>>> print(open('data21.cif').read())   # mmCIF, C-alpha atoms
data_structure
loop_
_atom_site.label_atom_id
_atom_site.label_comp_id
_atom_site.auth_asym_id
_atom_site.auth_seq_id
_atom_site.Cartn_x
_atom_site.Cartn_y
_atom_site.Cartn_z
CA MET A 1 -21.84 -8.81 -11.31
CA LYS A 2 -18.38 -8.13 -12.69
CA LYS A 3 -15.43 -8.95 -10.45
CA ILE A 4 -12.30 -7.02 -9.54
CA VAL A 5 -9.34 -8.36 -7.56
CA LEU A 6 -7.43 -5.69 -5.66
CA PHE A 7 -3.81 -6.41 -4.82
CA ASP A 8 -1.45 -4.74 -2.41
CA MET A 9 1.90 -4.13 -4.13
CA ASP A 10 5.02 -4.47 -1.90
CA GLY A 11 5.26 -7.96 -0.47
CA THR A 12 2.23 -9.15 -2.44
CA LEU A 13 3.02 -8.60 -6.12
CA THR A 14 6.63 -7.50 -5.69
CA PRO A 15 9.45 -7.94 -3.21
CA PRO A 16 9.62 -4.74 -1.12
CA ARG A 17 10.62 -1.75 -3.32
CA LYS A 18 11.48 -4.03 -6.24
CA GLU A 19 9.89 -4.71 -9.60
CA LEU A 20 7.01 -7.09 -10.24
CA ASP A 21 7.80 -10.76 -9.72
CA ARG A 22 7.67 -11.91 -13.36
CA ASP A 23 6.51 -15.38 -12.31
CA LEU A 24 3.17 -13.72 -11.59
CA ILE A 25 2.57 -12.47 -15.13
CA PRO A 26 1.05 -15.68 -16.59
CA ALA A 27 -1.31 -15.98 -13.61
CA LEU A 28 -2.32 -12.30 -13.85
CA ARG A 29 -2.85 -12.66 -17.60
CA GLU A 30 -5.26 -15.54 -17.05
CA LEU A 31 -7.02 -13.69 -14.24
CA ALA A 32 -7.46 -10.60 -16.43
CA LYS A 33 -9.47 -12.68 -18.92
CA ILE A 34 -12.23 -13.20 -16.34
CA SER A 35 -11.80 -10.31 -13.88
CA GLU A 36 -10.53 -6.78 -13.64
CA ILE A 37 -7.41 -6.11 -11.56
CA GLY A 38 -6.51 -3.27 -9.23
CA ILE A 39 -3.34 -2.29 -7.38
CA VAL A 40 -4.13 -0.49 -4.12
CA THR A 41 -1.00 0.67 -2.32
CA GLY A 42 0.23 3.28 0.12
CA SER A 43 2.88 4.23 -2.45
CA ASP A 44 2.36 7.09 -4.88
CA HIS A 45 2.00 6.72 -8.64
CA ASN A 46 5.72 7.17 -9.36
CA TYR A 47 6.61 4.12 -7.26
CA VAL A 48 3.82 2.07 -8.83
CA LEU A 49 5.19 2.95 -12.26
CA GLN A 50 8.74 1.99 -11.21
CA GLN A 51 7.66 -1.37 -9.84
CA MET A 52 4.68 -2.25 -12.04
CA GLY A 53 5.63 -0.50 -15.28
CA LEU A 54 5.74 -3.78 -17.17
CA LEU A 55 2.03 -4.39 -16.52
CA MET A 56 1.05 -0.75 -17.00
CA GLU A 57 2.82 -0.26 -20.33
CA ASN A 58 3.77 -3.52 -22.04
CA THR A 59 1.05 -6.16 -21.58
CA GLU A 60 -2.60 -6.55 -22.58
CA ILE A 61 -3.38 -6.66 -18.84
CA ARG A 62 -3.15 -2.84 -18.80
CA TYR A 63 -6.64 -2.58 -20.30
CA LYS A 64 -8.07 -4.28 -17.20
CA LEU A 65 -5.68 -2.66 -14.71
CA HIS A 66 -6.85 -0.03 -12.19
CA ILE A 67 -4.11 1.90 -10.33
CA LEU A 68 -5.04 3.11 -6.82
CA PRO A 69 -2.06 4.87 -5.17
CA CYS A 70 -2.15 6.35 -1.67
CA ASN A 71 -4.76 3.82 -0.48
CA GLY A 72 -7.10 4.66 -3.35
CA THR A 73 -7.30 8.36 -2.55
CA LYS A 74 -5.88 8.69 -6.05
CA TYR A 75 -7.42 6.75 -8.93
CA TYR A 76 -6.14 5.94 -12.41
CA PRO A 77 -8.62 3.83 -14.42
CA PRO A 78 -7.45 1.55 -17.23
CA PRO A 79 -6.44 3.20 -20.51
CA LEU A 80 -8.84 2.89 -23.43
CA SER A 81 -6.31 2.22 -26.19
CA ALA A 82 -2.63 1.65 -26.92
CA SER A 83 -2.12 5.38 -27.38
CA HIS A 84 -3.41 6.17 -23.88
CA LYS A 85 -1.73 5.87 -20.48
CA HIS A 86 -3.22 5.58 -17.02
CA GLU A 87 -4.49 9.10 -16.25
CA LEU A 88 -5.44 10.53 -12.83
CA THR A 89 -9.21 11.04 -12.54
CA PHE A 90 -9.68 11.37 -8.76
CA GLU A 91 -7.59 12.78 -5.90
CA LYS A 92 -8.04 13.76 -2.24
CA ASN A 93 -5.89 16.34 -0.44
CA MET A 94 -4.80 15.78 3.17
CA ARG A 95 -3.56 19.34 3.69
CA GLU A 96 -6.94 20.79 2.71
CA GLU A 97 -8.81 18.17 4.75
CA LEU A 98 -6.96 18.86 8.03
CA GLY A 99 -6.12 22.54 7.66
CA GLU A 100 -2.71 24.21 7.59
CA MET A 101 -2.26 24.37 11.38
CA HIS A 102 -2.83 20.66 11.96
CA PHE A 103 -0.82 19.69 8.89
CA SER A 104 2.17 21.74 10.10
CA SER A 105 1.88 20.22 13.57
CA ILE A 106 2.07 16.71 12.09
CA MET A 107 5.14 17.57 10.03
CA GLN A 108 6.88 19.13 13.04
CA GLN A 109 6.24 16.07 15.19
CA ILE A 110 7.64 13.72 12.51
CA LEU A 111 10.74 15.86 12.07
CA ARG A 112 11.34 15.98 15.83
CA ARG A 113 11.24 12.19 15.97
CA GLN A 114 13.45 11.87 12.92
CA ALA A 115 16.06 14.07 14.61
CA GLN A 116 16.13 11.68 17.60
CA LEU A 117 17.13 8.64 15.53
CA HIS A 118 20.84 9.41 15.81
CA LEU A 119 20.54 7.95 19.33
CA TYR A 120 20.21 4.47 17.79
CA ASN A 121 23.28 4.71 15.56
CA LEU A 122 21.28 4.05 12.39
CA PRO A 123 22.45 5.09 8.92
CA LEU A 124 20.45 8.13 7.79
CA THR A 125 20.33 8.28 4.01
CA GLY A 126 17.97 11.09 2.98
CA HIS A 127 14.38 11.48 1.66
CA PHE A 128 12.82 10.71 5.03
CA VAL A 129 9.40 12.38 4.60
CA ASP A 130 7.31 12.12 1.43
CA TYR A 131 4.10 14.15 1.25
CA ARG A 132 1.90 12.42 -1.32
CA GLY A 133 -1.06 14.77 -1.35
CA SER A 134 -3.44 12.44 0.48
CA MET A 135 -0.96 10.97 2.95
CA ILE A 136 2.46 11.42 4.52
CA ASN A 137 4.98 8.61 4.26
CA TRP A 138 7.74 8.73 6.88
CA CYS A 139 10.71 6.43 6.31
CA PRO A 140 13.14 6.73 9.26
CA ILE A 141 16.01 5.04 7.40
CA GLY A 142 15.35 7.20 4.31
CA ARG A 143 14.17 6.18 0.87
CA ASN A 144 17.71 6.64 -0.46
CA ALA A 145 18.86 3.63 1.60
CA THR A 146 20.69 0.79 -0.07
CA LEU A 147 19.37 -2.76 0.26
CA ASP A 148 21.98 -3.45 2.96
CA GLU A 149 20.93 -0.32 4.88
CA ARG A 150 17.25 -1.29 4.58
CA SER A 151 18.09 -4.77 5.87
CA ALA A 152 19.92 -3.27 8.84
CA PHE A 153 16.87 -1.18 9.70
CA VAL A 154 14.52 -4.18 9.36
CA GLU A 155 16.72 -6.14 11.77
CA PHE A 156 16.77 -3.21 14.20
CA ASP A 157 12.99 -2.76 13.90
CA ARG A 158 12.17 -6.39 14.61
CA GLY A 159 14.78 -6.86 17.33
CA PHE A 160 14.11 -3.66 19.26
CA SER A 161 14.55 -4.32 22.99
CA HIS A 162 11.02 -3.24 23.98
CA GLY A 163 9.19 -4.74 21.01
CA ASN A 164 8.87 -3.83 17.34
CA PHE A 165 10.26 -0.29 17.01
CA ARG A 166 7.77 0.99 14.44
CA ASN A 167 4.76 -0.40 16.32
CA ILE A 168 5.88 1.40 19.47
CA VAL A 169 6.45 4.69 17.65
CA ALA A 170 3.12 4.39 15.81
CA GLU A 171 1.24 3.94 19.08
CA GLN A 172 3.04 6.92 20.62
CA LEU A 173 2.14 9.08 17.62
CA ARG A 174 -1.52 8.01 17.80
CA GLU A 175 -1.70 9.18 21.41
CA GLU A 176 0.09 12.45 20.69
CA PHE A 177 -2.16 13.33 17.76
CA LYS A 178 -5.27 12.25 19.67
CA ASN A 179 -4.30 14.62 22.49
CA SER A 180 -3.95 17.38 19.88
CA ASN A 181 -7.43 16.61 18.49
CA ILE A 182 -6.01 15.51 15.13
CA ASP A 183 -7.93 12.47 13.88
CA LEU A 184 -5.29 10.38 12.10
CA SER A 185 -4.43 6.81 11.21
CA ILE A 186 -0.78 5.79 11.59
CA LYS A 187 0.13 2.49 9.96
CA THR A 188 3.39 0.66 9.38
CA GLY A 189 3.95 0.48 5.63
CA GLY A 190 6.23 -1.97 3.84
CA GLU A 191 9.35 -2.90 5.81
CA THR A 192 10.72 0.52 6.77
CA SER A 193 8.09 3.26 6.88
CA PHE A 194 4.90 4.74 8.33
CA ASP A 195 1.81 5.85 6.42
CA ILE A 196 0.01 8.77 8.07
CA TYR A 197 -3.38 9.97 6.82
CA PRO A 198 -6.82 11.18 7.97
CA LYS A 199 -9.09 8.59 9.61
CA GLY A 200 -11.06 6.68 6.99
CA TRP A 201 -8.44 7.11 4.28
CA ASP A 202 -7.13 3.56 4.72
CA LYS A 203 -7.39 1.07 1.84
CA THR A 204 -11.13 0.66 2.32
CA PHE A 205 -11.29 4.09 0.64
CA ALA A 206 -10.55 2.30 -2.65
CA LEU A 207 -13.77 0.28 -2.43
CA GLN A 208 -15.93 3.29 -3.28
CA HIS A 209 -14.52 3.36 -6.81
CA PHE A 210 -16.22 0.05 -7.62
CA PRO A 211 -19.85 0.16 -6.44
CA ASP A 212 -21.00 -2.11 -9.27
CA LYS A 213 -18.37 -4.84 -8.81
CA GLU A 214 -17.76 -7.84 -6.57
CA ILE A 215 -14.46 -6.99 -4.89
CA TRP A 216 -11.70 -9.34 -3.74
CA PHE A 217 -8.42 -8.44 -2.01
CA ILE A 218 -4.97 -9.98 -1.50
CA GLY A 219 -2.36 -8.35 0.76
CA ASP A 220 0.53 -9.11 3.09
CA LYS A 221 0.09 -6.56 5.91
CA CYS A 222 -3.30 -7.76 7.15
CA HIS A 223 -2.29 -8.01 10.81
CA GLU A 224 -3.26 -5.46 13.46
CA GLY A 225 -1.54 -2.16 12.66
CA GLY A 226 -0.64 -3.21 9.12
CA ASN A 227 -1.80 -1.05 6.23
CA ASP A 228 -3.90 -3.86 4.72
CA GLU A 229 -5.80 -4.54 7.96
CA GLU A 230 -9.02 -2.61 7.31
CA ILE A 231 -9.65 -3.71 3.73
CA TYR A 232 -8.77 -7.30 4.60
CA LYS A 233 -11.31 -7.33 7.44
CA ALA A 234 -13.94 -5.47 5.40
CA LEU A 235 -13.98 -8.24 2.79
CA LEU A 236 -13.92 -11.19 5.18
CA PRO A 237 -14.92 -14.00 5.43
CA ASN A 238 -14.70 -15.04 1.77
CA ASN A 239 -13.28 -12.26 -0.37
CA SER A 240 -9.88 -11.50 1.18
CA PHE A 241 -6.59 -13.33 1.55
CA SER A 242 -3.47 -12.71 3.62
CA VAL A 243 -0.16 -13.74 2.03
CA GLU A 244 3.51 -13.55 2.92
CA SER A 245 5.07 -13.41 -0.54
CA PRO A 246 4.37 -13.04 -4.28
CA THR A 247 4.70 -16.84 -4.51
CA GLU A 248 1.67 -17.24 -2.22
CA THR A 249 -0.18 -14.63 -4.28
CA LYS A 250 0.45 -16.68 -7.42
CA ASP A 251 -0.89 -19.81 -5.73
CA ILE A 252 -4.10 -18.07 -4.67
CA ILE A 253 -4.68 -16.71 -8.18
CA GLU A 254 -4.10 -20.06 -9.84
CA LYS A 255 -5.60 -22.44 -7.28
CA VAL A 256 -8.46 -20.40 -5.82
CA LEU A 257 -9.54 -17.34 -7.78
CA ILE A 258 -9.34 -18.56 -11.38
CA PRO A 259 -11.13 -21.86 -10.65
CA LEU A 260 -13.71 -20.07 -8.51
CA PHE A 261 -14.46 -17.40 -11.10
CA LYS A 262 -14.82 -20.12 -13.76
CA GLY A 263 -17.41 -21.85 -11.62
CA GLU A 264 -15.26 -24.81 -10.67
CA LYS A 265 -15.67 -26.32 -7.21
CA ILE A 266 -12.78 -25.66 -4.85
CA GLU A 267 -11.97 -26.09 -1.18
CA ARG A 268 -10.73 -23.10 0.79
#
>>> encode(input="data21.cif", output="structure tokens")
Amino acid sequence: MKKIVLFDMDGTLTPPRKELDRDLIPALRELAKISEIGIVTGSDHNYVLQQMGLLMENTEIRYKLHILPCNGTKYYPPPLSASHKHELTFEKNMREELGEMHFSSIMQQILRRQAQLHLYNLPLTGHFVDYRGSMINWCPIGRNATLDERSAFVEFDRGFSHGNFRNIVAEQLREEFKNSNIDLSIKTGGETSFDIYPKGWDKTFALQHFPDKEIWFIGDKCHEGGNDEEIYKALLPNNSFSVESPTETKDIIEKVLIPLFKGEKIER
């Protein structure tokens, strides 16, 4: 059976909201010789292109590279030749799935909470809510934030007096939507945002695209409430790995996956 290794993007292949860690390219090149590669992320295609454009456009890895934005509810298979790009072949729509009334209710609740953030004296930078077709991404600090402003929010989030700020808000939103009979998942995404989508549209959704392959996964948000949690658990005990940085990802590729796929004996 052919193999595919699915990677989370932010924190796994790249520093948060930055370009691919170039130290990973030799390891990914070797991996692509014996396995296909997929990027499954809560981000939409435009962010994947910004951060992973080098792999998608300028290396031979592109011919083994599957792009799975929005938790795999969008799918771009590898291009067939140098004259082709990754083209969208599959897409789900959250607005159609939930209906206009429920969708509007979700947006109104997010905007109400966004309006309350002035109470915490946080910088508000713009582009707070991003509807990606199959999910809503809510970034309280705003996607226009500078690195310093993002760092300030991360410090606030982790040092919140009653526990992690985003975890508290996510739990409150789950209860509110449950009481409104809206069946949603609310996950913390990256360092500054929330991913909000219909139940079942977590990253395990991406698995259905590869029924004929042995699937492996590497991600950094595998803890409870993180947006890698479900796919990480689905592929336990042997086919998933939790990392804390692209450096750890590189080590797993070089020291575990490549030797394993070549049939060499390793210790995990």
>>> closest_residue(input="data21.cif", among="A:His118, A:Arg22, A:Arg112, A:Arg143", to="Lys250 in chain A", atoms="all atoms listed in the file")
A:Arg22
>>> atom_distance(input="data21.cif", atom1="CA of Pro259 in chain A", atom2="CA of Glu229 in chain A")
26.0 Å
>>> closest_residue(input="data21.cif", among="A:Ser245, A:Asn93, A:Gln172, A:Asn239", to="Phe217 in chain A", atoms="only C-alpha atoms")
A:Asn239
>>> atom_distance(input="data21.cif", atom1="CA of Pro77 in chain A", atom2="CA of Ser185 in chain A")
26.1 Å
>>> residues_near_point(input="data21.cif", point="(-2.1, -10.7, -17.9)", cutoff="12 Å", atoms="only C-alpha atoms", output="number ranges by chain")
A: 22-37, 54-65, 253
>>> residues_around(input="data21.cif", residues="Leu184 in chain A", least_positions_apart="5", cutoff="7 Å", atoms="only C-alpha atoms", output="MDAnalysis selection string")
chainID A and resid 196:199
>>> write_last_selection(input="data21.cif", atoms="C-alpha atoms", output="PDB file, in the frame of the given file")
ATOM      1  CA  ILE A 196       0.010   8.770   8.070  1.00  0.00           C
ATOM      2  CA  TYR A 197      -3.380   9.970   6.820  1.00  0.00           C
ATOM      3  CA  PRO A 198      -6.820  11.180   7.970  1.00  0.00           C
ATOM      4  CA  LYS A 199      -9.090   8.590   9.610  1.00  0.00           C
TER       5      LYS A 199
END
>>> residues_near_point(input="data21.cif", point="(-7.5, 5.7, 16.3)", cutoff="12 Å", atoms="all atoms listed in the file", output="number ranges by chain")
A: 170-179, 181-187, 196-200, 202, 225
>>> atom_distance(input="data21.cif", atom1="CA of Val5 in chain A", atom2="CA of Glu254 in chain A")
13.0 Å
